[in-house]
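K.L.:
One file: query31.csv (CSV, C-alpha atoms and all ligand atoms).
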chain,number,residue,atom,x,y,z
F,1,MET,CA,0.0,0.0,0.0
F,2,THR,CA,1.5,3.4,-1.0
F,3,PRO,CA,1.4,6.2,1.5
F,4,ARG,CA,-1.6,8.5,1.1
F,5,ALA,CA,-0.6,12.1,0.1
F,6,SER,CA,-2.3,15.0,1.8
F,7,GLY,CA,-2.8,16.7,-1.5
F,8,PHE,CA,-1.7,16.8,-5.1
F,9,LEU,CA,0.4,19.9,-5.6
F,10,ASP,CA,3.4,18.7,-7.5
F,11,LEU,CA,4.8,15.5,-8.9
F,12,ALA,CA,8.2,15.8,-7.2
F,13,SER,CA,6.7,15.4,-3.7
F,14,HIS,CA,5.2,12.0,-4.6
F,15,GLU,CA,7.2,8.7,-4.6
F,16,ALA,CA,7.3,6.8,-7.9
F,17,GLY,CA,5.2,4.0,-6.4
F,18,HIS,CA,2.4,6.4,-5.5
F,19,LEU,CA,2.4,8.0,-9.0
F,20,VAL,CA,2.3,4.5,-10.6
F,21,HIS,CA,-0.5,3.5,-8.2
F,22,LEU,CA,-2.5,6.6,-9.4
F,23,LEU,CA,-1.8,5.8,-13.1
F,24,ASP,CA,-2.9,2.1,-12.5
F,25,LEU,CA,-6.0,3.3,-10.7
F,26,ALA,CA,-6.8,5.7,-13.6
F,27,ALA,CA,-6.4,2.9,-16.1
F,28,ARG,CA,-8.8,0.7,-14.1
F,29,ILE,CA,-11.3,3.5,-13.8
F,30,LYS,CA,-11.1,4.0,-17.6
F,31,ALA,CA,-11.6,0.3,-18.2
F,32,ALA,CA,-14.4,-0.1,-15.7
F,33,PRO,CA,-15.8,3.2,-14.2
F,34,PRO,CA,-16.9,2.6,-10.6
F,35,ARG,CA,-20.7,2.2,-10.4
F,36,ASP,CA,-21.0,2.3,-6.6
F,37,ARG,CA,-20.8,6.1,-6.1
F,38,PRO,CA,-17.6,5.9,-4.0
F,39,LEU,CA,-17.7,9.7,-3.4
F,40,GLU,CA,-21.4,9.9,-2.5
F,41,GLY,CA,-21.9,12.9,-0.2
F,42,ARG,CA,-18.4,14.3,-0.9
F,43,SER,CA,-17.9,17.8,-2.4
F,44,LEU,CA,-15.0,19.4,-4.3
F,45,ALA,CA,-14.7,23.2,-4.2
F,46,MET,CA,-13.0,24.6,-7.3
F,47,ILE,CA,-11.2,27.9,-7.5
F,48,PHE,CA,-10.1,29.1,-10.9
F,49,HIS,CA,-8.2,32.4,-11.2
F,50,LYS,CA,-7.5,31.5,-14.9
F,51,ALA,CA,-9.6,30.2,-17.7
F,52,SER,CA,-10.1,26.5,-18.1
F,53,THR,CA,-12.1,24.0,-20.2
F,54,ARG,CA,-10.5,20.6,-19.5
F,55,THR,CA,-9.5,20.9,-15.9
F,56,ARG,CA,-12.8,22.4,-14.7
F,57,ALA,CA,-15.0,20.1,-16.8
F,58,SER,CA,-13.0,16.9,-16.0
F,59,ALA,CA,-13.0,17.6,-12.2
F,60,GLU,CA,-16.7,18.5,-12.2
F,61,VAL,CA,-17.9,15.6,-14.3
F,62,GLY,CA,-15.5,13.3,-12.5
F,63,MET,CA,-17.0,14.2,-9.1
F,64,THR,CA,-20.5,13.7,-10.5
F,65,GLN,CA,-19.6,10.3,-12.0
F,66,LEU,CA,-18.2,9.2,-8.7
F,67,GLY,CA,-21.4,10.1,-6.9
F,68,GLY,CA,-20.1,13.4,-5.4
F,69,HIS,CA,-20.5,17.1,-6.3
F,70,ALA,CA,-18.3,19.9,-7.4
F,71,LEU,CA,-18.9,23.6,-6.8
F,72,MET,CA,-17.2,26.5,-8.5
F,73,ILE,CA,-16.1,29.4,-6.4
F,74,ALA,CA,-15.6,32.3,-8.8
F,75,ARG,CA,-13.3,35.1,-7.6
F,76,ALA,CA,-15.5,37.8,-9.0
F,77,ASP,CA,-18.6,36.9,-7.0
F,78,SER,CA,-17.0,35.5,-3.9
F,79,GLN,CA,-15.3,37.5,-1.1
F,80,MET,CA,-11.9,36.6,-2.7
F,81,GLY,CA,-12.7,39.3,-5.3
F,82,ARG,CA,-13.1,41.8,-2.4
F,83,GLY,CA,-9.8,40.9,-0.8
F,84,GLU,CA,-10.6,38.0,1.6
F,85,SER,CA,-7.2,36.3,2.1
F,86,VAL,CA,-6.1,33.0,0.6
F,87,ALA,CA,-5.6,31.5,4.1
F,88,ASP,CA,-9.1,32.5,5.4
F,89,THR,CA,-10.7,31.3,2.2
F,90,ALA,CA,-8.9,27.9,2.5
F,91,ARG,CA,-9.9,27.6,6.2
F,92,VAL,CA,-13.6,28.3,5.5
F,93,LEU,CA,-13.9,26.1,2.4
F,94,SER,CA,-12.3,23.3,4.4
F,95,CYS,CA,-15.4,23.4,6.7
F,96,TYR,CA,-17.7,22.6,3.8
F,97,ALA,CA,-15.8,20.7,1.1
F,98,ASP,CA,-13.8,17.5,1.3
F,99,ALA,CA,-11.2,18.7,-1.2
F,100,ILE,CA,-10.3,21.9,-3.0
F,101,LEU,CA,-8.9,22.3,-6.5
F,102,VAL,CA,-7.1,25.5,-7.2
F,103,ARG,CA,-5.9,27.0,-10.5
F,104,THR,CA,-4.0,30.2,-10.0
F,105,PHE,CA,-1.0,32.3,-11.0
F,106,ALA,CA,1.8,32.2,-8.4
F,107,HIS,CA,2.6,28.6,-7.2
F,108,ASP,CA,3.1,30.1,-3.7
F,109,VAL,CA,-0.6,30.8,-3.6
F,110,VAL,CA,-1.6,27.1,-4.0
F,111,VAL,CA,1.0,26.2,-1.4
F,112,GLU,CA,-0.3,28.8,1.0
F,113,PHE,CA,-3.8,27.5,0.3
F,114,ALA,CA,-2.8,23.9,1.1
F,115,GLU,CA,-1.1,24.9,4.3
F,116,ALA,CA,-4.1,26.8,5.6
F,117,ALA,CA,-6.7,24.1,4.4
F,118,SER,CA,-7.5,21.1,6.5
F,119,VAL,CA,-8.7,19.1,3.5
F,120,PRO,CA,-6.5,18.0,0.5
F,121,VAL,CA,-5.7,20.6,-2.2
F,122,VAL,CA,-5.3,19.7,-5.8
F,123,ASN,CA,-3.1,21.9,-8.1
F,124,GLY,CA,-5.2,22.6,-11.2
F,125,LEU,CA,-2.3,24.6,-12.8
F,126,THR,CA,0.0,27.3,-11.6
F,127,ASP,CA,2.5,29.4,-13.4
F,128,LEU,CA,5.1,26.9,-12.2
F,129,LEU,CA,3.4,23.4,-12.5
F,130,HIS,CA,0.6,21.5,-14.1
F,131,PRO,CA,0.8,18.1,-12.4
F,132,CYS,CA,-2.7,16.7,-13.2
F,133,GLN,CA,-2.1,17.3,-16.9
F,134,VAL,CA,1.3,15.5,-17.0
F,135,MET,CA,-0.3,12.6,-15.2
F,136,ALA,CA,-2.9,12.3,-18.1
F,137,ASP,CA,0.0,12.6,-20.5
F,138,LEU,CA,1.9,9.7,-18.7
F,139,MET,CA,-1.3,7.7,-18.8
F,140,THR,CA,-1.5,8.2,-22.6
F,141,VAL,CA,2.2,7.2,-23.0
F,142,ARG,CA,1.5,4.0,-21.0
F,143,GLU,CA,-1.5,3.2,-23.2
F,144,GLU,CA,0.6,3.5,-26.3
F,145,PHE,CA,3.8,1.8,-25.2
F,146,GLY,CA,3.0,-0.2,-22.1
F,147,PRO,CA,3.3,0.5,-18.4
F,148,VAL,CA,7.0,0.7,-17.9
F,149,LEU,CA,7.7,4.5,-18.3
F,150,ALA,CA,11.4,4.1,-17.5
F,151,ARG,CA,12.0,2.7,-21.0
F,152,ARG,CA,10.6,5.7,-22.8
F,153,ARG,CA,12.3,8.8,-24.3
F,154,VAL,CA,10.3,12.0,-24.3
F,155,ALA,CA,11.2,15.2,-26.2
F,156,TRP,CA,9.9,18.5,-24.9
F,157,ILE,CA,10.0,21.3,-27.5
F,158,GLY,CA,9.4,25.0,-26.8
F,159,ASP,CA,8.7,27.0,-23.7
F,160,GLY,CA,10.2,26.0,-20.3
F,161,ASN,CA,6.8,26.5,-18.8
F,162,ASN,CA,4.5,24.9,-16.2
F,163,MET,CA,4.2,21.8,-18.4
F,164,ALA,CA,7.9,21.5,-19.0
F,165,ASN,CA,8.6,21.8,-15.2
F,166,SER,CA,6.0,19.0,-14.5
F,167,TRP,CA,7.5,16.8,-17.2
F,168,LEU,CA,10.9,17.4,-15.5
F,169,ASN,CA,9.5,16.4,-12.1
F,170,ALA,CA,7.9,13.3,-13.7
F,171,SER,CA,11.2,12.2,-15.3
F,172,ARG,CA,13.0,12.6,-12.1
F,173,ARG,CA,10.5,10.4,-10.2
F,174,LEU,CA,9.7,7.8,-12.9
F,175,GLY,CA,13.2,7.5,-14.5
F,176,PHE,CA,12.3,8.0,-18.2
F,177,SER,CA,14.6,10.0,-20.5
F,178,LEU,CA,13.6,13.6,-21.0
F,179,ARG,CA,15.3,15.8,-23.6
F,180,LEU,CA,14.2,19.4,-23.9
F,181,ALA,CA,14.8,22.0,-26.5
F,182,CYS,CA,14.0,25.5,-25.4
F,183,PRO,CA,15.2,28.9,-26.8
F,184,GLU,CA,17.7,30.9,-24.7
F,185,GLY,CA,15.9,32.8,-22.0
F,186,TYR,CA,12.9,30.5,-22.0
F,187,GLU,CA,14.3,27.6,-20.0
F,188,PRO,CA,12.4,25.8,-17.2
F,189,ASP,CA,12.6,26.7,-13.6
F,190,PRO,CA,16.4,26.5,-12.7
F,191,GLY,CA,15.9,24.5,-9.5
F,192,ILE,CA,13.5,21.9,-11.1
F,193,LEU,CA,15.8,21.7,-14.2
F,194,ALA,CA,19.0,21.1,-12.1
F,195,ALA,CA,17.3,18.4,-10.0
F,196,ALA,CA,16.1,16.6,-13.1
F,197,GLU,CA,19.4,17.0,-14.9
F,198,ALA,CA,21.1,15.3,-12.0
F,199,GLU,CA,18.8,12.3,-12.8
F,200,GLY,CA,19.6,12.4,-16.5
F,201,ALA,CA,17.3,15.0,-18.2
F,202,GLU,CA,19.1,16.8,-21.0
F,203,MET,CA,18.7,20.3,-22.4
F,204,PHE,CA,19.4,21.2,-26.0
F,205,ARG,CA,19.0,24.3,-28.1
F,206,ASN,CA,18.3,22.4,-31.3
F,207,PRO,CA,14.8,20.7,-31.4
F,208,ALA,CA,16.1,18.1,-33.9
F,209,GLU,CA,18.7,16.9,-31.3
F,210,ALA,CA,16.1,16.6,-28.6
F,211,VAL,CA,13.6,14.7,-30.8
F,212,ALA,CA,16.2,12.2,-32.2
F,213,GLY,CA,15.0,8.7,-31.2
F,214,ALA,CA,12.1,10.0,-29.1
F,215,ASP,CA,8.9,7.9,-28.4
F,216,VAL,CA,7.0,11.0,-27.5
F,217,VAL,CA,7.2,14.5,-28.9
F,218,THR,CA,5.4,17.1,-26.9
F,219,THR,CA,5.0,20.9,-26.8
F,220,ASP,CA,2.7,23.6,-25.5
F,221,VAL,CA,1.7,27.2,-26.4
F,222,TRP,CA,4.5,29.8,-26.7
F,223,ALA,CA,2.7,32.2,-24.4
F,224,SER,CA,0.9,30.8,-21.4
F,225,MET,CA,-2.0,32.3,-19.5
F,226,GLY,CA,-0.8,35.6,-18.0
F,227,GLN,CA,1.9,36.1,-20.7
F,228,GLU,CA,-0.5,37.5,-23.3
F,229,ASP,CA,1.6,40.8,-23.5
F,230,GLU,CA,4.7,38.9,-24.4
F,231,GLN,CA,3.0,37.1,-27.4
F,232,ARG,CA,4.9,39.1,-30.1
F,233,ASP,CA,8.3,38.7,-28.6
F,234,ARG,CA,7.7,35.1,-27.9
F,235,LYS,CA,6.6,34.4,-31.5
F,236,ALA,CA,10.0,35.7,-32.7
F,237,ALA,CA,12.0,33.8,-30.0
F,238,PHE,CA,10.2,30.4,-30.7
F,239,ALA,CA,10.3,30.6,-34.5
F,240,GLY,CA,12.6,27.6,-34.9
F,241,PHE,CA,10.7,25.5,-32.3
F,242,ARG,CA,7.5,24.6,-34.2
F,243,VAL,CA,6.7,20.9,-34.2
F,244,ASP,CA,6.1,20.0,-37.8
F,245,GLU,CA,6.2,16.7,-39.8
F,246,GLU,CA,9.9,17.2,-40.6
F,247,LEU,CA,10.8,17.4,-36.9
F,248,MET,CA,8.5,14.4,-36.1
F,249,ALA,CA,10.4,12.4,-38.8
F,250,GLY,CA,13.5,12.6,-36.5
F,251,ALA,CA,11.6,10.7,-33.8
F,252,ARG,CA,11.1,6.9,-33.7
F,253,PRO,CA,8.7,5.7,-36.5
F,254,GLU,CA,6.2,4.7,-33.7
F,255,ALA,CA,6.5,8.1,-31.9
F,256,ILE,CA,3.4,9.9,-30.8
F,257,PHE,CA,2.6,13.6,-30.5
F,258,LEU,CA,1.1,15.1,-27.3
F,259,HIS,CA,-0.1,18.6,-26.4
F,260,CYS,CA,-2.1,19.5,-23.3
F,261,LEU,CA,-4.4,21.8,-25.3
F,262,PRO,CA,-5.5,24.4,-26.1
F,263,VAL,CA,-3.3,24.4,-29.2
F,264,HIS,CA,-2.5,27.2,-31.6
F,265,ARG,CA,-2.3,25.2,-34.9
F,266,GLY,CA,0.4,26.8,-37.1
F,267,GLU,CA,2.3,28.2,-34.1
F,268,GLU,CA,3.9,25.7,-31.7
F,269,ALA,CA,2.7,22.7,-33.9
F,270,THR,CA,1.4,22.5,-37.4
F,271,ALA,CA,-2.2,21.3,-38.1
F,272,ALA,CA,-0.8,18.3,-39.9
F,273,VAL,CA,0.9,17.2,-36.7
F,274,VAL,CA,-1.9,18.1,-34.3
F,275,ASP,CA,-4.5,16.4,-36.5
F,276,GLY,CA,-2.2,13.7,-37.9
F,277,SER,CA,-2.0,10.0,-37.3
F,278,ARG,CA,0.7,10.3,-34.6
F,279,SER,CA,-1.3,12.7,-32.6
F,280,ARG,CA,-2.9,11.5,-29.3
F,281,VAL,CA,-4.1,14.9,-28.1
F,282,PHE,CA,-7.8,14.0,-27.7
F,283,GLN,CA,-7.0,10.7,-26.0
F,284,GLU,CA,-4.7,12.8,-23.7
F,285,ALA,CA,-7.6,15.2,-23.1
F,286,GLU,CA,-10.0,12.3,-22.3
F,287,ASN,CA,-7.5,10.9,-19.9
F,288,ARG,CA,-7.7,14.1,-17.8
F,289,LEU,CA,-11.1,12.7,-16.6
F,290,HIS,CA,-9.8,9.3,-15.6
F,291,VAL,CA,-6.7,10.8,-13.9
F,292,VAL,CA,-8.6,13.4,-11.9
F,293,LYS,CA,-11.0,10.7,-10.7
F,294,ALA,CA,-8.1,8.5,-9.6
F,295,ILE,CA,-6.5,11.5,-7.7
F,296,LEU,CA,-9.8,12.4,-6.0
F,297,LEU,CA,-10.6,8.8,-5.1
F,298,ASP,CA,-7.0,8.4,-3.7
F,299,LEU,CA,-7.4,11.6,-1.6
F,300,ILE,CA,-11.0,11.4,-0.4
F,301,GLY,CA,-12.3,8.0,-1.3
Y,401,LIG,N1,-4.9,21.3,-20.6
Y,401,LIG,C1,-5.6,22.1,-19.7
Y,401,LIG,O1,-5.3,22.2,-18.5
Y,401,LIG,O2,-6.7,22.6,-20.3
Y,401,LIG,P1,-7.7,23.7,-19.6
Y,401,LIG,O3,-6.9,25.0,-19.5
Y,401,LIG,O4,-8.8,23.8,-20.6
Y,401,LIG,O5,-8.1,23.3,-18.3
Y,402,LIG,N1,1.1,26.4,-20.4
Y,402,LIG,C1,-0.3,26.6,-20.6
Y,402,LIG,C2,-1.0,25.4,-20.3
Y,402,LIG,C3,-2.5,25.5,-20.4
Y,402,LIG,C4,-3.3,24.3,-20.1
Y,402,LIG,C5,-0.7,27.8,-19.7
Y,402,LIG,O1,-0.3,27.9,-18.5
Y,402,LIG,O2,-1.5,28.6,-20.2
Turn the structure described in the file into structure tokens.
P.N.:
Amino acid sequence: MTPRASGFLDLASHEAGHLVHLLDLAARIKAAPPRDRPLEGRSLAMIFHKASTRTRASAEVGMTQLGGHALMIARADSQMGRGESVADTARVLSCYADAILVRTFAHDVVVEFAEAASVPVVNGLTDLLHPCQVMADLMTVREEFGPVLARRRVAWIGDGNNMANSWLNASRRLGFSLRLACPEGYEPDPGILAAAEAEGAEMFRNPAEAVAGADVVTTDVWASMGQEDEQRDRKAAFAGFRVDEELMAGARPEAIFLHCLPVHRGEEATAAVVDGSRSRVFQEAENRLHVVKAILLDLIG
């Protein structure tokens, strides 16, 4: 039995065995969704300080399918919008809800939320990390290539953003090869990168080098939520980092393409790749549902 985590904030703070347990559970849920309403009477409060389609819908639908309930606490029409503190909000919501999912900007806010809450907190994305998404990505990789992730080689192309940081944490924990190609000035978090490099992750400037021999090629938008003002500069900086069919040709013939979505076709990846035969982006999006159900069941089931 793997130890039960008190929340799901970042992949680095979970042992490999626990992450694999969650991935196995997600696969079982996908194959045979529980019909016995295991989260009956349980509530998940959800706080989104940024837009979301997949994270919000998968968590809300996931709770409903497990017999529980999810409620959205919008900043604008809650007291958070009038300055009620993170800690007070966390303390109060803990009196009503069994778990809280938070999507926000600064990672420190989700950590502060978790410290003040007396129920588990799930990170639904911060500027630093997006752990639930990378779990869904790992589930997709296992579906394609089998359960042993340590045998795989993953290439990350583009921005050293929240997704790249979570991939680095995953590679460190699960022991697969991760080769990144990021433009100068757009590298991942230095501490997260250094820790993963110590376990074998490699950084390149040339996307073709990172992709050579990869099983999985993955990328993300060039400007994340909150970086809208940088869009023009970023387009110039990332010009050589688009995933196209030529770049994919350098990966293994069986290689798949992943993207957390939303995608800008023609920017970070061509439409031919996003909608092509190697793309698994919608399977990956579906897996968000199975993964969040596994995480919630593990935390409050
Ligand atoms: N991939 C992802 O987190 O999507 P949303 O922003 O739609 O939640
Ligand atoms: N890196 C992107 C991911 C969106 C799901 C962002 O933070 O906007």
K.L.:
Given only C-alpha atoms and all ligand atoms, how would the per-residue table for chain F near ligand LIG 401 (chain Y) read, listing every residue at most 12 Å away with its closest atom pair and distance in Å to one decimal, sorted by chain and number, as JSON lines?
P.N.:
{"residue": "F:Phe48", "atom": "CA", "partner": "Y:LIG401", "partner_atom": "O5", "distance": 9.6}
{"residue": "F:His49", "atom": "CA", "partner": "Y:LIG401", "partner_atom": "O3", "distance": 11.2}
{"residue": "F:Lys50", "atom": "CA", "partner": "Y:LIG401", "partner_atom": "O3", "distance": 8.0}
{"residue": "F:Ala51", "atom": "CA", "partner": "Y:LIG401", "partner_atom": "O3", "distance": 6.1}
{"residue": "F:Ser52", "atom": "CA", "partner": "Y:LIG401", "partner_atom": "O5", "distance": 3.8}
{"residue": "F:Thr53", "atom": "CA", "partner": "Y:LIG401", "partner_atom": "O4", "distance": 3.3}
{"residue": "F:Arg54", "atom": "CA", "partner": "Y:LIG401", "partner_atom": "O4", "distance": 3.8}
{"residue": "F:Thr55", "atom": "CA", "partner": "Y:LIG401", "partner_atom": "O5", "distance": 3.7}
{"residue": "F:Arg56", "atom": "CA", "partner": "Y:LIG401", "partner_atom": "O5", "distance": 6.0}
{"residue": "F:Ala57", "atom": "CA", "partner": "Y:LIG401", "partner_atom": "O5", "distance": 7.8}
{"residue": "F:Ser58", "atom": "CA", "partner": "Y:LIG401", "partner_atom": "O5", "distance": 8.4}
{"residue": "F:Ala59", "atom": "CA", "partner": "Y:LIG401", "partner_atom": "O5", "distance": 9.7}
{"residue": "F:Glu60", "atom": "CA", "partner": "Y:LIG401", "partner_atom": "O5", "distance": 11.6}
{"residue": "F:Leu101", "atom": "CA", "partner": "Y:LIG401", "partner_atom": "O5", "distance": 11.9}
{"residue": "F:Val102", "atom": "CA", "partner": "Y:LIG401", "partner_atom": "O5", "distance": 11.4}
{"residue": "F:Arg103", "atom": "CA", "partner": "Y:LIG401", "partner_atom": "O5", "distance": 8.9}
{"residue": "F:Thr104", "atom": "CA", "partner": "Y:LIG401", "partner_atom": "O3", "distance": 11.2}
{"residue": "F:Asn123", "atom": "CA", "partner": "Y:LIG401", "partner_atom": "O1", "distance": 10.6}
{"residue": "F:Gly124", "atom": "CA", "partner": "Y:LIG401", "partner_atom": "O1", "distance": 7.3}
{"residue": "F:Leu125", "atom": "CA", "partner": "Y:LIG401", "partner_atom": "O1", "distance": 6.9}
{"residue": "F:Thr126", "atom": "CA", "partner": "Y:LIG401", "partner_atom": "O1", "distance": 10.1}
{"residue": "F:Asp127", "atom": "CA", "partner": "Y:LIG401", "partner_atom": "O1", "distance": 11.8}
{"residue": "F:Leu129", "atom": "CA", "partner": "Y:LIG401", "partner_atom": "O1", "distance": 10.6}
{"residue": "F:His130", "atom": "CA", "partner": "Y:LIG401", "partner_atom": "O1", "distance": 7.4}
{"residue": "F:Pro131", "atom": "CA", "partner": "Y:LIG401", "partner_atom": "O1", "distance": 9.6}
{"residue": "F:Cys132", "atom": "CA", "partner": "Y:LIG401", "partner_atom": "O1", "distance": 8.1}
{"residue": "F:Gln133", "atom": "CA", "partner": "Y:LIG401", "partner_atom": "O1", "distance": 6.1}
{"residue": "F:Val134", "atom": "CA", "partner": "Y:LIG401", "partner_atom": "N1", "distance": 9.2}
{"residue": "F:Met135", "atom": "CA", "partner": "Y:LIG401", "partner_atom": "N1", "distance": 11.2}
{"residue": "F:Ala136", "atom": "CA", "partner": "Y:LIG401", "partner_atom": "N1", "distance": 9.6}
{"residue": "F:Asp137", "atom": "CA", "partner": "Y:LIG401", "partner_atom": "N1", "distance": 10.0}
{"residue": "F:Asn162", "atom": "CA", "partner": "Y:LIG401", "partner_atom": "O1", "distance": 10.4}
{"residue": "F:Met163", "atom": "CA", "partner": "Y:LIG401", "partner_atom": "N1", "distance": 9.4}
{"residue": "F:Thr219", "atom": "CA", "partner": "Y:LIG401", "partner_atom": "N1", "distance": 11.7}
{"residue": "F:Asp220", "atom": "CA", "partner": "Y:LIG401", "partner_atom": "N1", "distance": 9.3}
{"residue": "F:Val221", "atom": "CA", "partner": "Y:LIG401", "partner_atom": "N1", "distance": 10.6}
{"residue": "F:Ser224", "atom": "CA", "partner": "Y:LIG401", "partner_atom": "O3", "distance": 9.9}
{"residue": "F:Met225", "atom": "CA", "partner": "Y:LIG401", "partner_atom": "O3", "distance": 8.8}
{"residue": "F:Leu258", "atom": "CA", "partner": "Y:LIG401", "partner_atom": "N1", "distance": 10.9}
{"residue": "F:His259", "atom": "CA", "partner": "Y:LIG401", "partner_atom": "N1", "distance": 8.0}
{"residue": "F:Cys260", "atom": "CA", "partner": "Y:LIG401", "partner_atom": "N1", "distance": 4.3}
{"residue": "F:Leu261", "atom": "CA", "partner": "Y:LIG401", "partner_atom": "N1", "distance": 4.8}
{"residue": "F:Pro262", "atom": "CA", "partner": "Y:LIG401", "partner_atom": "O2", "distance": 6.2}
{"residue": "F:Val263", "atom": "CA", "partner": "Y:LIG401", "partner_atom": "N1", "distance": 9.3}
{"residue": "F:Val281", "atom": "CA", "partner": "Y:LIG401", "partner_atom": "N1", "distance": 9.9}
{"residue": "F:Phe282", "atom": "CA", "partner": "Y:LIG401", "partner_atom": "N1", "distance": 10.6}
{"residue": "F:Glu284", "atom": "CA", "partner": "Y:LIG401", "partner_atom": "N1", "distance": 9.0}
{"residue": "F:Ala285", "atom": "CA", "partner": "Y:LIG401", "partner_atom": "N1", "distance": 7.1}
{"residue": "F:Glu286", "atom": "CA", "partner": "Y:LIG401", "partner_atom": "N1", "distance": 10.5}
{"residue": "F:Asn287", "atom": "CA", "partner": "Y:LIG401", "partner_atom": "N1", "distance": 10.7}
{"residue": "F:Arg288", "atom": "CA", "partner": "Y:LIG401", "partner_atom": "N1", "distance": 8.2}
{"residue": "F:Leu289", "atom": "CA", "partner": "Y:LIG401", "partner_atom": "O5", "distance": 11.1}
{"residue": "F:Val292", "atom": "CA", "partner": "Y:LIG401", "partner_atom": "O1", "distance": 11.5}
K.L.:
Measuring between only C-alpha atoms and all ligand atoms, which one of F:Gln227, F:Ser277, F:Gln65, F:Asn206 shows the shortest distance to ligand LIG 402 (chain Y)?
P.N.:
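Residue with the minimum atom-to-atom distance to ligand LIG 402 (chain Y): F:Gln227.
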K.L.:
For F:Lys293, which residue out of F:Ala16, F:Val61, F:Leu11, F:Leu247 is the nearest one, using all atoms listed in the file?
P.N.:
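The answer is F:Val61, which sits nearest to F:Lys293.
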K.L.:
Between atom CA of F:Gly158 and atom CA of F:Arg252, what is the spacing in Å?
P.N.:
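Separation between atom CA of F:Arg252 and atom CA of F:Gly158: 19.4 Å.
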K.L.:
Would you please work out which residue, of F:Val110, F:Leu149, F:Ala249, F:Ala239, is nearest to F:Leu23 when using all atoms listed in the file?
P.N.:
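Of the candidates, the smallest distance to F:Leu23 is held by F:Leu149.
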K.L.:
Considering only C-alpha atoms and all ligand atoms, can you say which of F:Glu15, F:Asp24, F:Asp233, F:Glu228 comes closest to ligand LIG 402 (chain Y)?
P.N.:
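Comparing F:Glu15, F:Asp24, F:Asp233, F:Glu228 against ligand LIG 402 (chain Y), the winner is F:Glu228.
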K.L.:
For stretch 31-33 of chain F, work out the shell of residues within 10 Å, counting only C-alpha atoms and skipping chain neighbours fewer than 4 positions away, then give it as a PDB file with C-alpha atoms, keeping the file's coordinate frame.
P.N.:
ATOM      1  CA  LEU F  25      -6.000   3.300 -10.700  1.00  0.00           C
ATOM      2  CA  ALA F  26      -6.800   5.700 -13.600  1.00  0.00           C
ATOM      3  CA  ALA F  27      -6.400   2.900 -16.100  1.00  0.00           C
ATOM      4  CA  ARG F  37     -20.800   6.100  -6.100  1.00  0.00           C
ATOM      5  CA  GLN F  65     -19.600  10.300 -12.000  1.00  0.00           C
ATOM      6  CA  LEU F  66     -18.200   9.200  -8.700  1.00  0.00           C
ATOM      7  CA  HIS F 290      -9.800   9.300 -15.600  1.00  0.00           C
ATOM      8  CA  LYS F 293     -11.000  10.700 -10.700  1.00  0.00           C
TER       9      LYS F 293
END
K.L.:
In terms of the shortest atom-to-atom distance over all atoms listed in the file, which of F:Ala181, F:Ala12, F:Ala106, F:Ile295 is closest to F:Gly226?
P.N.:
F:Ala106
K.L.:
F:Cys95, F:Ala223, F:Ile100, F:Leu138: which is nearest F:Leu44, counting all atoms listed in the file?
P.N.:
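Of F:Cys95, F:Ala223, F:Ile100, F:Leu138, the one nearest F:Leu44 is F:Ile100, counting all atoms listed in the file.
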K.L.:
Taking the block just given, write stretch 243-272 of chain F to a file that holds C-alpha atoms, as a PDB file, in the first residue's frame.
P.N.:
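Writing done, so here's out34.pdb:
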ATOM      1  CA  VAL F 243       6.706  20.867 -34.212  1.00  0.00           C
ATOM      2  CA  ASP F 244       6.115  19.965 -37.847  1.00  0.00           C
ATOM      3  CA  GLU F 245       6.209  16.724 -39.816  1.00  0.00           C
ATOM      4  CA  GLU F 246       9.877  17.213 -40.643  1.00  0.00           C
ATOM      5  CA  LEU F 247      10.769  17.438 -36.948  1.00  0.00           C
ATOM      6  CA  MET F 248       8.515  14.440 -36.149  1.00  0.00           C
ATOM      7  CA  ALA F 249      10.405  12.448 -38.805  1.00  0.00           C
ATOM      8  CA  GLY F 250      13.485  12.560 -36.541  1.00  0.00           C
ATOM      9  CA  ALA F 251      11.626  10.712 -33.785  1.00  0.00           C
ATOM     10  CA  ARG F 252      11.066   6.944 -33.746  1.00  0.00           C
ATOM     11  CA  PRO F 253       8.678   5.725 -36.455  1.00  0.00           C
ATOM     12  CA  GLU F 254       6.194   4.736 -33.683  1.00  0.00           C
ATOM     13  CA  ALA F 255       6.492   8.121 -31.934  1.00  0.00           C
ATOM     14  CA  ILE F 256       3.363   9.924 -30.789  1.00  0.00           C
ATOM     15  CA  PHE F 257       2.638  13.637 -30.455  1.00  0.00           C
ATOM     16  CA  LEU F 258       1.128  15.096 -27.266  1.00  0.00           C
ATOM     17  CA  HIS F 259      -0.131  18.590 -26.425  1.00  0.00           C
ATOM     18  CA  CYS F 260      -2.097  19.504 -23.298  1.00  0.00           C
ATOM     19  CA  LEU F 261      -4.425  21.791 -25.322  1.00  0.00           C
ATOM     20  CA  PRO F 262      -5.546  24.397 -26.106  1.00  0.00           C
ATOM     21  CA  VAL F 263      -3.273  24.406 -29.168  1.00  0.00           C
ATOM     22  CA  HIS F 264      -2.492  27.159 -31.649  1.00  0.00           C
ATOM     23  CA  ARG F 265      -2.260  25.238 -34.920  1.00  0.00           C
ATOM     24  CA  GLY F 266       0.447  26.794 -37.092  1.00  0.00           C
ATOM     25  CA  GLU F 267       2.340  28.223 -34.107  1.00  0.00           C
ATOM     26  CA  GLU F 268       3.872  25.668 -31.725  1.00  0.00           C
ATOM     27  CA  ALA F 269       2.712  22.748 -33.903  1.00  0.00           C
ATOM     28  CA  THR F 270       1.392  22.455 -37.442  1.00  0.00           C
ATOM     29  CA  ALA F 271      -2.180  21.341 -38.075  1.00  0.00           C
ATOM     30  CA  ALA F 272      -0.755  18.329 -39.940  1.00  0.00           C
TER      31      ALA F 272
END
